[in-house]
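Next comes protein_31.txt, a file with compact mmCIF, C-alpha atoms.
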# COMPACT_ATOMS: atom_id res chain seq x y z
CA MET A 1 109.02 117.62 112.70
CA ARG A 2 109.97 119.02 109.31
CA VAL A 3 107.63 120.78 106.94
CA PHE A 4 108.04 120.50 103.22
CA SER A 5 106.00 122.90 101.12
CA ASN A 6 105.72 123.48 97.43
CA ASP A 7 103.70 126.00 95.43
CA CYS A 8 103.62 125.88 91.66
CA SER A 9 101.20 126.28 88.79
CA PHE A 10 100.21 124.38 85.66
CA SER A 11 99.22 126.16 82.44
CA TYR A 12 95.99 124.23 82.08
CA SER A 13 92.43 124.86 83.20
CA TRP A 14 91.31 123.57 86.59
CA GLU A 15 88.97 121.13 84.80
CA GLU A 16 91.85 119.66 82.80
CA VAL A 17 94.13 119.46 85.85
CA SER A 18 91.54 117.93 88.14
CA THR A 19 90.65 115.32 85.48
CA ALA A 20 94.26 114.44 84.65
CA ASN A 21 95.01 114.24 88.36
CA TRP A 22 93.07 110.95 88.49
CA ARG A 23 95.69 109.42 86.29
CA LYS A 24 98.74 111.26 87.47
CA TYR A 25 100.55 107.94 87.88
CA CYS A 26 99.54 106.35 84.58
CA PRO A 27 102.11 105.14 82.02
CA TRP A 28 102.20 108.64 80.47
CA ASN A 29 104.07 109.71 83.59
CA ASP A 30 107.50 108.18 83.08
CA LYS A 31 109.05 110.10 85.97
CA SER A 32 107.11 108.84 88.99
CA THR A 33 107.85 105.17 88.39
CA HIS A 34 108.08 104.58 92.14
CA VAL A 35 104.27 104.64 92.28
CA ILE A 36 103.44 101.13 91.13
CA ALA A 37 99.70 100.98 91.86
CA VAL A 38 96.75 103.25 92.61
CA ASP A 39 93.52 101.63 93.77
CA THR A 40 90.19 103.26 94.49
CA LEU A 41 88.74 101.99 97.77
CA SER A 42 85.54 104.00 97.94
CA ARG A 43 83.89 106.90 96.18
CA HIS A 44 80.69 108.86 96.54
CA VAL A 45 79.14 112.26 96.03
CA ASP A 46 78.04 113.89 99.27
CA PRO A 47 74.37 114.76 98.71
CA ASP A 48 74.49 117.90 100.88
CA SER A 49 77.61 119.56 99.54
CA GLY A 50 77.98 117.95 96.09
CA ILE A 51 81.56 117.12 97.03
CA LEU A 52 83.08 113.99 95.50
CA ARG A 53 84.88 112.05 98.22
CA THR A 54 87.35 109.35 97.19
CA GLU A 55 89.54 106.99 99.19
CA ARG A 56 92.56 105.54 97.45
CA LEU A 57 95.40 103.19 98.26
CA ILE A 58 98.68 104.16 96.67
CA THR A 59 101.45 101.58 96.48
CA VAL A 60 105.03 102.74 96.25
CA LYS A 61 108.20 100.82 95.56
CA GLN A 62 111.33 102.77 96.23
CA SER A 63 114.50 101.72 97.93
CA ALA A 64 115.57 103.73 100.95
CA PRO A 65 119.17 104.62 101.75
CA LYS A 66 120.95 101.53 103.11
CA TRP A 67 121.23 102.65 106.72
CA LEU A 68 117.53 103.52 106.74
CA SER A 69 116.52 100.36 104.92
CA SER A 70 117.68 98.16 107.79
CA LEU A 71 115.49 100.21 110.10
CA MET A 72 112.58 99.45 107.78
CA GLY A 73 113.19 95.74 107.85
CA GLY A 74 114.57 95.65 104.34
CA SER A 75 111.22 96.10 102.64
CA ASP A 76 111.00 98.60 99.80
CA THR A 77 107.23 98.51 99.20
CA SER A 78 105.04 100.89 101.12
CA HIS A 79 101.44 102.04 101.13
CA VAL A 80 99.84 105.44 101.35
CA PHE A 81 96.20 106.09 102.25
CA GLU A 82 94.60 109.10 100.60
CA ILE A 83 91.24 110.84 100.92
CA SER A 84 90.41 113.45 98.33
CA TYR A 85 87.59 115.96 98.04
CA VAL A 86 86.50 117.62 94.81
CA ASP A 87 84.26 120.63 95.22
CA PRO A 88 83.12 121.51 91.67
CA ALA A 89 81.20 124.60 92.82
CA ALA A 90 84.23 126.11 94.56
CA LYS A 91 86.59 124.59 91.95
CA LYS A 92 88.82 123.08 94.55
CA VAL A 93 90.50 119.70 94.88
CA THR A 94 91.91 118.80 98.29
CA MET A 95 93.88 115.60 98.84
CA THR A 96 95.07 114.44 102.23
CA SER A 97 97.31 111.44 102.64
CA SER A 98 99.51 109.63 105.10
CA ASN A 99 101.83 106.64 105.12
CA MET A 100 100.44 103.31 106.28
CA THR A 101 103.74 101.51 106.24
CA PHE A 102 106.76 102.27 108.45
CA SER A 103 104.51 104.48 110.57
CA ASN A 104 106.39 103.22 113.64
CA ILE A 105 109.48 104.94 112.22
CA ILE A 106 108.13 107.99 110.50
CA THR A 107 104.81 109.71 109.87
CA CYS A 108 104.19 111.79 106.80
CA HIS A 109 100.97 113.78 106.48
CA GLU A 110 100.55 115.44 103.14
CA THR A 111 97.95 117.89 101.85
CA VAL A 112 97.64 118.92 98.22
CA VAL A 113 95.24 121.57 96.90
CA TYR A 114 94.45 122.41 93.27
CA LYS A 115 92.72 125.75 92.68
CA PRO A 116 92.23 127.84 89.53
CA LEU A 117 94.39 130.97 89.15
CA SER A 118 92.70 131.89 85.86
CA ASP A 119 90.84 130.13 83.03
CA ASN A 120 94.00 128.41 81.88
CA LYS A 121 96.18 128.36 84.94
CA THR A 122 95.88 126.12 88.00
CA GLN A 123 97.69 126.40 91.27
CA PHE A 124 99.19 123.38 93.02
CA LEU A 125 99.85 123.74 96.74
CA GLN A 126 101.57 120.95 98.60
CA GLU A 127 102.49 120.65 102.23
CA ALA A 128 103.95 117.67 104.04
CA LYS A 129 104.61 117.29 107.73
CA ILE A 130 107.28 114.70 108.33
CA THR A 131 107.99 113.44 111.85
CA ALA A 132 110.36 110.73 112.97
CA VAL A 133 108.68 108.68 115.68
CA CYS A 134 111.27 105.97 116.08
CA GLY A 135 113.01 105.63 119.41
CA GLY A 136 116.61 106.55 119.87
CA TRP A 137 118.74 109.60 119.86
CA GLN A 138 117.54 112.90 118.53
CA LYS A 139 120.48 112.73 116.15
CA ILE A 140 119.06 109.60 114.52
CA LYS A 141 115.58 111.11 114.37
CA ASN A 142 116.98 114.20 112.68
CA ALA A 143 118.81 112.07 110.14
CA VAL A 144 115.67 110.04 109.41
CA GLU A 145 113.64 113.22 108.95
CA GLU A 146 116.27 114.83 106.75
CA ALA A 147 116.55 111.76 104.52
CA SER A 148 112.76 111.64 104.22
CA VAL A 149 112.42 115.32 103.36
CA ALA A 150 115.15 114.96 100.71
CA ARG A 151 113.35 112.00 99.17
CA PHE A 152 110.00 113.77 99.37
CA SER A 153 111.40 116.84 97.69
CA GLU A 154 112.93 114.77 94.89
CA ASN A 155 109.63 112.91 94.35
CA ALA A 156 107.78 116.25 94.28
CA ARG A 157 110.08 117.55 91.55
CA THR A 158 109.82 114.45 89.36
CA GLY A 159 106.10 114.28 90.15
CA ARG A 160 105.62 117.73 88.72
CA GLU A 161 107.54 116.87 85.56
CA GLY A 162 105.63 113.63 85.15
CA PHE A 163 102.29 115.34 85.65
CA GLU A 164 103.19 117.87 82.93
CA SER A 165 103.52 114.95 80.48
CA VAL A 166 100.17 113.54 81.61
CA LEU A 167 98.50 116.94 81.13
CA GLU A 168 100.01 117.35 77.69
CA MET A 169 98.99 113.85 76.56
CA SER A 170 95.49 114.24 78.00
CA ARG A 171 94.96 117.45 76.05
CA ARG A 172 96.33 115.96 72.84
CA VAL A 173 94.19 112.85 73.09
CA PHE A 174 91.12 114.90 73.93
CA GLN A 175 91.68 117.14 70.91
CA ASN A 176 92.20 114.16 68.62
CA GLU A 177 89.02 112.61 69.88
CA LYS A 178 87.13 115.83 69.25
CA LYS A 179 88.51 116.03 65.70
CA GLU A 180 87.57 112.43 65.08
CA LYS A 181 84.00 113.09 66.23
CA GLU A 182 83.78 116.10 63.90
CA ARG A 183 85.17 114.06 61.03
CA GLN A 184 82.59 111.34 61.62
CA LYS A 185 79.82 113.92 61.65
CA ALA A 186 81.11 115.44 58.38
CA ILE A 187 81.11 111.98 56.75
CA GLU A 188 77.57 111.38 57.95
CA ARG A 189 76.48 114.72 56.51
CA GLU A 190 78.11 113.92 53.16
CA GLN A 191 76.54 110.52 52.94
CA MET A 192 73.08 111.72 53.86
CA PRO A 193 72.07 113.10 50.44
CA GLN A 194 73.35 109.97 48.69
CA VAL A 195 71.21 107.80 50.90
CA GLU A 196 68.24 110.01 50.22
CA GLN A 197 68.95 109.86 46.50
CA LYS A 198 69.06 106.08 46.61
CA LEU A 199 65.77 105.98 48.44
CA MET A 200 64.19 108.23 45.84
CA ALA A 201 65.39 106.08 42.94
CA MET B 1 90.91 108.99 75.46
CA TYR B 2 90.09 106.92 78.49
CA PHE B 3 92.90 104.45 78.56
CA ALA B 4 96.26 104.89 80.31
CA MET B 5 95.42 104.41 83.95
CA SER B 6 97.63 103.25 86.76
CA ALA B 7 97.79 99.57 87.66
CA SER B 8 96.08 97.81 90.56
CA ILE B 9 98.03 96.39 93.49
CA ALA B 10 96.48 93.07 92.46
CA PRO B 11 97.21 92.14 88.83
CA GLU B 12 94.14 89.91 88.76
CA CYS B 13 91.98 93.03 89.27
CA ASN B 14 93.60 95.11 86.52
CA GLU B 15 90.99 94.45 83.87
CA LYS B 16 88.07 95.23 86.16
CA LYS B 17 89.88 98.31 87.42
CA GLU B 18 90.52 99.57 83.90
CA ARG B 19 86.85 99.24 82.97
CA TYR B 20 85.78 101.11 86.07
CA ASP B 21 88.46 103.81 85.75
CA SER B 22 87.48 104.50 82.13
CA CYS B 23 83.83 104.83 83.11
CA PHE B 24 84.69 107.09 86.03
CA LEU B 25 86.96 109.40 84.06
CA LYS B 26 84.35 109.87 81.36
CA TRP B 27 81.66 110.54 83.95
CA TYR B 28 83.92 112.93 85.88
CA SER B 29 84.94 115.08 82.92
CA GLU B 30 81.75 114.99 80.91
CA LYS B 31 79.12 115.01 83.63
CA TYR B 32 80.28 115.66 87.16
CA LEU B 33 82.37 118.74 86.39
CA ARG B 34 79.50 120.11 84.31
CA GLY B 35 77.06 119.79 87.17
CA LYS B 36 75.23 116.78 85.72
CA GLY B 37 76.66 114.14 88.00
CA THR B 38 74.88 111.16 89.37
CA GLU B 39 77.54 108.62 90.13
CA ASP B 40 75.44 105.51 89.77
CA GLU B 41 76.25 104.80 86.16
CA CYS B 42 79.69 103.43 87.07
CA ALA B 43 78.50 101.69 90.24
CA PRO B 44 78.10 98.20 88.70
CA LEU B 45 81.66 98.35 87.33
CA PHE B 46 82.96 99.62 90.67
CA ALA B 47 81.22 96.79 92.52
CA LYS B 48 82.99 94.20 90.36
CA TYR B 49 86.38 95.85 90.80
CA LYS B 50 85.82 96.27 94.52
CA THR B 51 84.95 92.62 95.09
CA CYS B 52 88.22 91.66 93.45
CA LEU B 53 90.22 94.31 95.31
CA THR B 54 88.73 93.59 98.74
CA ALA B 55 89.75 89.95 98.48
CA ALA B 56 93.26 90.92 97.35
CA LEU B 57 93.71 93.38 100.21
CA LYS B 58 92.53 90.84 102.75
CA GLU B 59 94.94 88.25 101.38
CA ARG B 60 97.81 90.70 101.76
CA GLY B 61 96.75 91.85 105.24
CA ILE B 62 96.32 95.42 104.03
CA ASP B 63 92.66 95.61 105.10
CA LYS B 64 93.62 95.92 108.78
CA MET B 65 96.20 98.60 108.02
CA LEU B 66 93.49 100.50 106.17
CA ASP B 67 91.18 100.46 109.18
CA GLU B 68 93.91 102.15 111.20
CA ALA B 69 94.58 104.69 108.47
CA ARG B 70 90.87 105.58 108.30
CA GLU B 71 90.82 106.11 112.02
CA ASP B 72 93.81 108.41 111.62
CA HIS B 73 92.00 110.46 108.97
CA LYS B 74 88.76 111.00 110.88
CA GLU B 75 89.23 114.74 111.20
CA SER B 76 89.79 115.12 107.51
CA ASP B 77 86.04 114.91 106.71
CA LEU B 78 85.23 117.57 109.26
CA THR B 79 87.68 119.97 107.67
CA ASN B 80 86.91 119.21 104.06
CA MET B 81 83.20 118.45 103.92
CA PRO B 82 81.21 121.42 105.16
CA GLY B 83 78.15 120.45 107.13
CA ARG B 84 79.67 117.23 108.41
CA GLY B 85 79.86 116.60 112.11
CA ARG B 86 77.71 119.54 113.08

Whole structure, structure tokens version:
Amino acid sequence: MRVFSNDCSFSYSWEEVSTANWRKYCPWNDKSTHVIAVDTLSRHVDPDSGILRTERLITVKQSAPKWLSSLMGGSDTSHVFEISYVDPAAKKVTMTSSNMTFSNIITCHETVVYKPLSDNKTQFLQEAKITAVCGGWQKIKNAVEEASVARFSENARTGREGFESVLEMSRRVFQNEKKEKERQKAIEREQMPQVEQKLMA
Amino acid sequence: MYFAMSASIAPECNEKKERYDSCFLKWYSEKYLRGKGTEDECAPLFAKYKTCLTAALKERGIDKMLDEAREDHKESDLTNMPGRGR
């Protein structure tokens, strides 16, 4: 088993990060193009804890190294099952996921946590346990694990970059929307007296 | 603000998914995170999306794989939802 871990922070509030996280793999993220679909399978708020529990299916299309690809039957599409928990009181997002495809070759269990470091800084903690379960020599297993960790690490790096773009766009769009609302209100205020004047006449 | 979401595995569900996702994101940021969350307002949109998705997953044989994955994740609720399993 290999463990991949990653600890970084985003210069945005936890609220912004946890909201943008729902669309981490939207078109604004031009780095993580290997994630081709994200579907929500179930979602509910736990009445006792107030925790929002979500199940998602993540579909990935990414070609493996040639020698590994034959082991995977030549398919380059895989699925990941994810359960996430948002605790708004504790300001904590926890996401756990594992691969559904190729699980007879390798298992990858990932946990991601988002927690606030300050009002405008959020911590991202990621840990993945990668284990080759295929038969064969230890040498092959080691090679499979190493290739997987390398790929995982590369995806984590591009994922971070891509998420930065999503965060930036989310903030910009939100600010524009706020401005637009204020502008509308100002117009309404300006027009009000005129309407009243017309009514008086 | 609430456009730009990821695609669905089933293109025929994309429109329903987009409607639901938009509703959810608005609810999440404007209500749930501010402690005013009842999730029901997006439930009708989710139901429509889910009907479409469930059929698509069954067609692709992914539904059975999901059952196994859920089984695999059983402990996750115990760790992450306090009060569960006691």

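Closest to chain B among A:Val149, A:Val173, A:Ile140, A:Ala132 is A:Val173, based on only C-alpha atoms.
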
Closest-contact table, chain B side, partner chain A, 7 Å, counting only C-alpha atoms, as JSON lines:
{"residue": "B:Met1", "atom": "CA", "partner": "A:Val173", "partner_atom": "CA", "distance": 5.6}
{"residue": "B:Ala4", "atom": "CA", "partner": "A:Cys26", "partner_atom": "CA", "distance": 5.6}
{"residue": "B:Met5", "atom": "CA", "partner": "A:Cys26", "partner_atom": "CA", "distance": 4.6}
{"residue": "B:Ser6", "atom": "CA", "partner": "A:Cys26", "partner_atom": "CA", "distance": 4.2}
{"residue": "B:Ala7", "atom": "CA", "partner": "A:Ala37", "partner_atom": "CA", "distance": 4.8}
{"residue": "B:Ser8", "atom": "CA", "partner": "A:Ala37", "partner_atom": "CA", "distance": 5.0}
{"residue": "B:Ile9", "atom": "CA", "partner": "A:Ala37", "partner_atom": "CA", "distance": 5.1}
{"residue": "B:Ser29", "atom": "CA", "partner": "A:Thr19", "partner_atom": "CA", "distance": 6.3}
{"residue": "B:Leu33", "atom": "CA", "partner": "A:Pro88", "partner_atom": "CA", "distance": 6.0}
{"residue": "B:Met65", "atom": "CA", "partner": "A:Met100", "partner_atom": "CA", "distance": 6.6}
{"residue": "B:Ala69", "atom": "CA", "partner": "A:Met100", "partner_atom": "CA", "distance": 6.4}
{"residue": "B:Asn80", "atom": "CA", "partner": "A:Tyr85", "partner_atom": "CA", "distance": 6.9}
{"residue": "B:Pro82", "atom": "CA", "partner": "A:Ser49", "partner_atom": "CA", "distance": 6.9}

Q: Could you tell me which of A:Arg160, A:Lys61, A:Lys139, A:Arg189 comes closest to Ser9 (chain A) if we count only C-alpha atoms?
A: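 Of all the options, A:Arg160 lies closest to Ser9 (chain A).
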
May I have the residues at most 12 Å from (83.8, 100.6, 83.7) in the file's coordinates, counting only C-alpha atoms, as a JSON list (two decimals) with C-alpha atoms, in the frame of the given file?
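selection_8.json was written with the following content:
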[["chain", "number", "residue", "atom", "x", "y", "z"],
["B", 2, "TYR", "CA", 90.09, 106.92, 78.49],
["B", 3, "PHE", "CA", 92.90, 104.45, 78.56],
["B", 14, "ASN", "CA", 93.60, 95.11, 86.52],
["B", 15, "GLU", "CA", 90.99, 94.45, 83.87],
["B", 16, "LYS", "CA", 88.07, 95.23, 86.16],
["B", 17, "LYS", "CA", 89.88, 98.31, 87.42],
["B", 18, "GLU", "CA", 90.52, 99.57, 83.90],
["B", 19, "ARG", "CA", 86.85, 99.24, 82.97],
["B", 20, "TYR", "CA", 85.78, 101.11, 86.07],
["B", 21, "ASP", "CA", 88.46, 103.81, 85.75],
["B", 22, "SER", "CA", 87.48, 104.50, 82.13],
["B", 23, "CYS", "CA", 83.83, 104.83, 83.11],
["B", 24, "PHE", "CA", 84.69, 107.09, 86.03],
["B", 25, "LEU", "CA", 86.96, 109.40, 84.06],
["B", 26, "LYS", "CA", 84.35, 109.87, 81.36],
["B", 27, "TRP", "CA", 81.66, 110.54, 83.95],
["B", 40, "ASP", "CA", 75.44, 105.51, 89.77],
["B", 41, "GLU", "CA", 76.25, 104.80, 86.16],
["B", 42, "CYS", "CA", 79.69, 103.43, 87.07],
["B", 43, "ALA", "CA", 78.50, 101.69, 90.24],
["B", 44, "PRO", "CA", 78.10, 98.20, 88.70],
["B", 45, "LEU", "CA", 81.66, 98.35, 87.33],
["B", 46, "PHE", "CA", 82.96, 99.62, 90.67],
["B", 47, "ALA", "CA", 81.22, 96.79, 92.52],
["B", 48, "LYS", "CA", 82.99, 94.20, 90.36],
["B", 49, "TYR", "CA", 86.38, 95.85, 90.80],
["B", 50, "LYS", "CA", 85.82, 96.27, 94.52]]

Surrounding residues of Thr122 (chain A) excluding itself and chain neighbours under 4 positions, 8 Å, all atoms listed in the file, as a ChimeraX atom specification:
/A:9-14,17,114-118

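Note that the spacing between CA of Arg34 (chain B) and CA of Leu125 (chain A) amounts to 24.1 Å.
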
Quiz item: When distances are computed from all atoms listed in the file, which of A:Gln191, A:Arg2, A:Asn21, A:Thr158 shows the smallest separation from Phe124 (chain A)?
Solution: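 Ranking A:Gln191, A:Arg2, A:Asn21, A:Thr158 by distance to Phe124 (chain A), first place goes to A:Asn21.
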
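CA of Gly135 (chain A) to CA of Ser69 (chain A) spans 15.8 Å [interatomic distance, one decimal].
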
Final N, CA and C atoms of region 42-66 of chain B as a PDB file, in the frame of the given file:
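Output file rebuild04.pdb follows:
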ATOM      1  N   CYS B  42      78.482 104.264  87.007  1.00  0.00           N
ATOM      2  CA  CYS B  42      79.690 103.430  87.070  1.00  0.00           C
ATOM      3  C   CYS B  42      79.644 102.453  88.236  1.00  0.00           C
ATOM      4  N   ALA B  43      78.591 102.518  89.029  1.00  0.00           N
ATOM      5  CA  ALA B  43      78.500 101.690  90.240  1.00  0.00           C
ATOM      6  C   ALA B  43      78.620 100.188  89.972  1.00  0.00           C
ATOM      7  N   PRO B  44      77.959  99.655  88.936  1.00  0.00           N
ATOM      8  CA  PRO B  44      78.100  98.200  88.700  1.00  0.00           C
ATOM      9  C   PRO B  44      79.543  97.802  88.396  1.00  0.00           C
ATOM     10  N   LEU B  45      80.257  98.651  87.653  1.00  0.00           N
ATOM     11  CA  LEU B  45      81.660  98.350  87.330  1.00  0.00           C
ATOM     12  C   LEU B  45      82.528  98.469  88.583  1.00  0.00           C
ATOM     13  N   PHE B  46      82.198  99.452  89.434  1.00  0.00           N
ATOM     14  CA  PHE B  46      82.960  99.620  90.670  1.00  0.00           C
ATOM     15  C   PHE B  46      82.754  98.408  91.589  1.00  0.00           C
ATOM     16  N   ALA B  47      81.533  97.936  91.654  1.00  0.00           N
ATOM     17  CA  ALA B  47      81.220  96.790  92.520  1.00  0.00           C
ATOM     18  C   ALA B  47      82.054  95.571  92.130  1.00  0.00           C
ATOM     19  N   LYS B  48      82.204  95.348  90.826  1.00  0.00           N
ATOM     20  CA  LYS B  48      82.990  94.200  90.360  1.00  0.00           C
ATOM     21  C   LYS B  48      84.467  94.358  90.724  1.00  0.00           C
ATOM     22  N   TYR B  49      84.981  95.553  90.483  1.00  0.00           N
ATOM     23  CA  TYR B  49      86.380  95.850  90.800  1.00  0.00           C
ATOM     24  C   TYR B  49      86.615  95.730  92.302  1.00  0.00           C
ATOM     25  N   LYS B  50      85.662  96.260  93.074  1.00  0.00           N
ATOM     26  CA  LYS B  50      85.820  96.270  94.520  1.00  0.00           C
ATOM     27  C   LYS B  50      85.820  94.867  95.125  1.00  0.00           C
ATOM     28  N   THR B  51      84.986  94.008  94.601  1.00  0.00           N
ATOM     29  CA  THR B  51      84.950  92.620  95.090  1.00  0.00           C
ATOM     30  C   THR B  51      86.321  91.985  94.918  1.00  0.00           C
ATOM     31  N   CYS B  52      86.894  92.207  93.746  1.00  0.00           N
ATOM     32  CA  CYS B  52      88.220  91.660  93.450  1.00  0.00           C
ATOM     33  C   CYS B  52      89.279  92.268  94.376  1.00  0.00           C
ATOM     34  N   LEU B  53      89.224  93.592  94.508  1.00  0.00           N
ATOM     35  CA  LEU B  53      90.220  94.310  95.310  1.00  0.00           C
ATOM     36  C   LEU B  53      90.141  93.951  96.792  1.00  0.00           C
ATOM     37  N   THR B  54      88.917  93.893  97.310  1.00  0.00           N
ATOM     38  CA  THR B  54      88.730  93.590  98.740  1.00  0.00           C
ATOM     39  C   THR B  54      89.375  92.255  99.093  1.00  0.00           C
ATOM     40  N   ALA B  55      89.163  91.264  98.234  1.00  0.00           N
ATOM     41  CA  ALA B  55      89.750  89.950  98.480  1.00  0.00           C
ATOM     42  C   ALA B  55      91.283  90.028  98.452  1.00  0.00           C
ATOM     43  N   ALA B  56      91.803  90.790  97.495  1.00  0.00           N
ATOM     44  CA  ALA B  56      93.260  90.920  97.350  1.00  0.00           C
ATOM     45  C   ALA B  56      93.881  91.627  98.555  1.00  0.00           C
ATOM     46  N   LEU B  57      93.187  92.629  99.071  1.00  0.00           N
ATOM     47  CA  LEU B  57      93.710  93.380 100.210  1.00  0.00           C
ATOM     48  C   LEU B  57      93.699  92.533 101.472  1.00  0.00           C
ATOM     49  N   LYS B  58      92.655  91.713 101.597  1.00  0.00           N
ATOM     50  CA  LYS B  58      92.530  90.840 102.750  1.00  0.00           C
ATOM     51  C   LYS B  58      93.659  89.805 102.739  1.00  0.00           C
ATOM     52  N   GLU B  59      93.886  89.255 101.573  1.00  0.00           N
ATOM     53  CA  GLU B  59      94.940  88.250 101.380  1.00  0.00           C
ATOM     54  C   GLU B  59      96.304  88.810 101.781  1.00  0.00           C
ATOM     55  N   ARG B  60      96.516  90.074 101.490  1.00  0.00           N
ATOM     56  CA  ARG B  60      97.810  90.700 101.760  1.00  0.00           C
ATOM     57  C   ARG B  60      97.879  91.348 103.152  1.00  0.00           C
ATOM     58  N   GLY B  61      96.778  91.276 103.888  1.00  0.00           N
ATOM     59  CA  GLY B  61      96.750  91.850 105.240  1.00  0.00           C
ATOM     60  C   GLY B  61      96.696  93.371 105.258  1.00  0.00           C
ATOM     61  N   ILE B  62      96.345  93.953 104.117  1.00  0.00           N
ATOM     62  CA  ILE B  62      96.320  95.420 104.030  1.00  0.00           C
ATOM     63  C   ILE B  62      95.009  95.973 104.587  1.00  0.00           C
ATOM     64  N   ASP B  63      93.968  95.137 104.615  1.00  0.00           N
ATOM     65  CA  ASP B  63      92.660  95.610 105.100  1.00  0.00           C
ATOM     66  C   ASP B  63      92.729  96.145 106.533  1.00  0.00           C
ATOM     67  N   LYS B  64      93.517  95.474 107.381  1.00  0.00           N
ATOM     68  CA  LYS B  64      93.620  95.920 108.780  1.00  0.00           C
ATOM     69  C   LYS B  64      94.388  97.234 108.882  1.00  0.00           C
ATOM     70  N   MET B  65      95.424  97.353 108.038  1.00  0.00           N
ATOM     71  CA  MET B  65      96.200  98.600 108.020  1.00  0.00           C
ATOM     72  C   MET B  65      95.316  99.762 107.584  1.00  0.00           C
ATOM     73  N   LEU B  66      94.383  99.456 106.678  1.00  0.00           N
ATOM     74  CA  LEU B  66      93.490 100.500 106.170  1.00  0.00           C
ATOM     75  C   LEU B  66      92.528 101.001 107.251  1.00  0.00           C
TER      76      LEU B  66
END
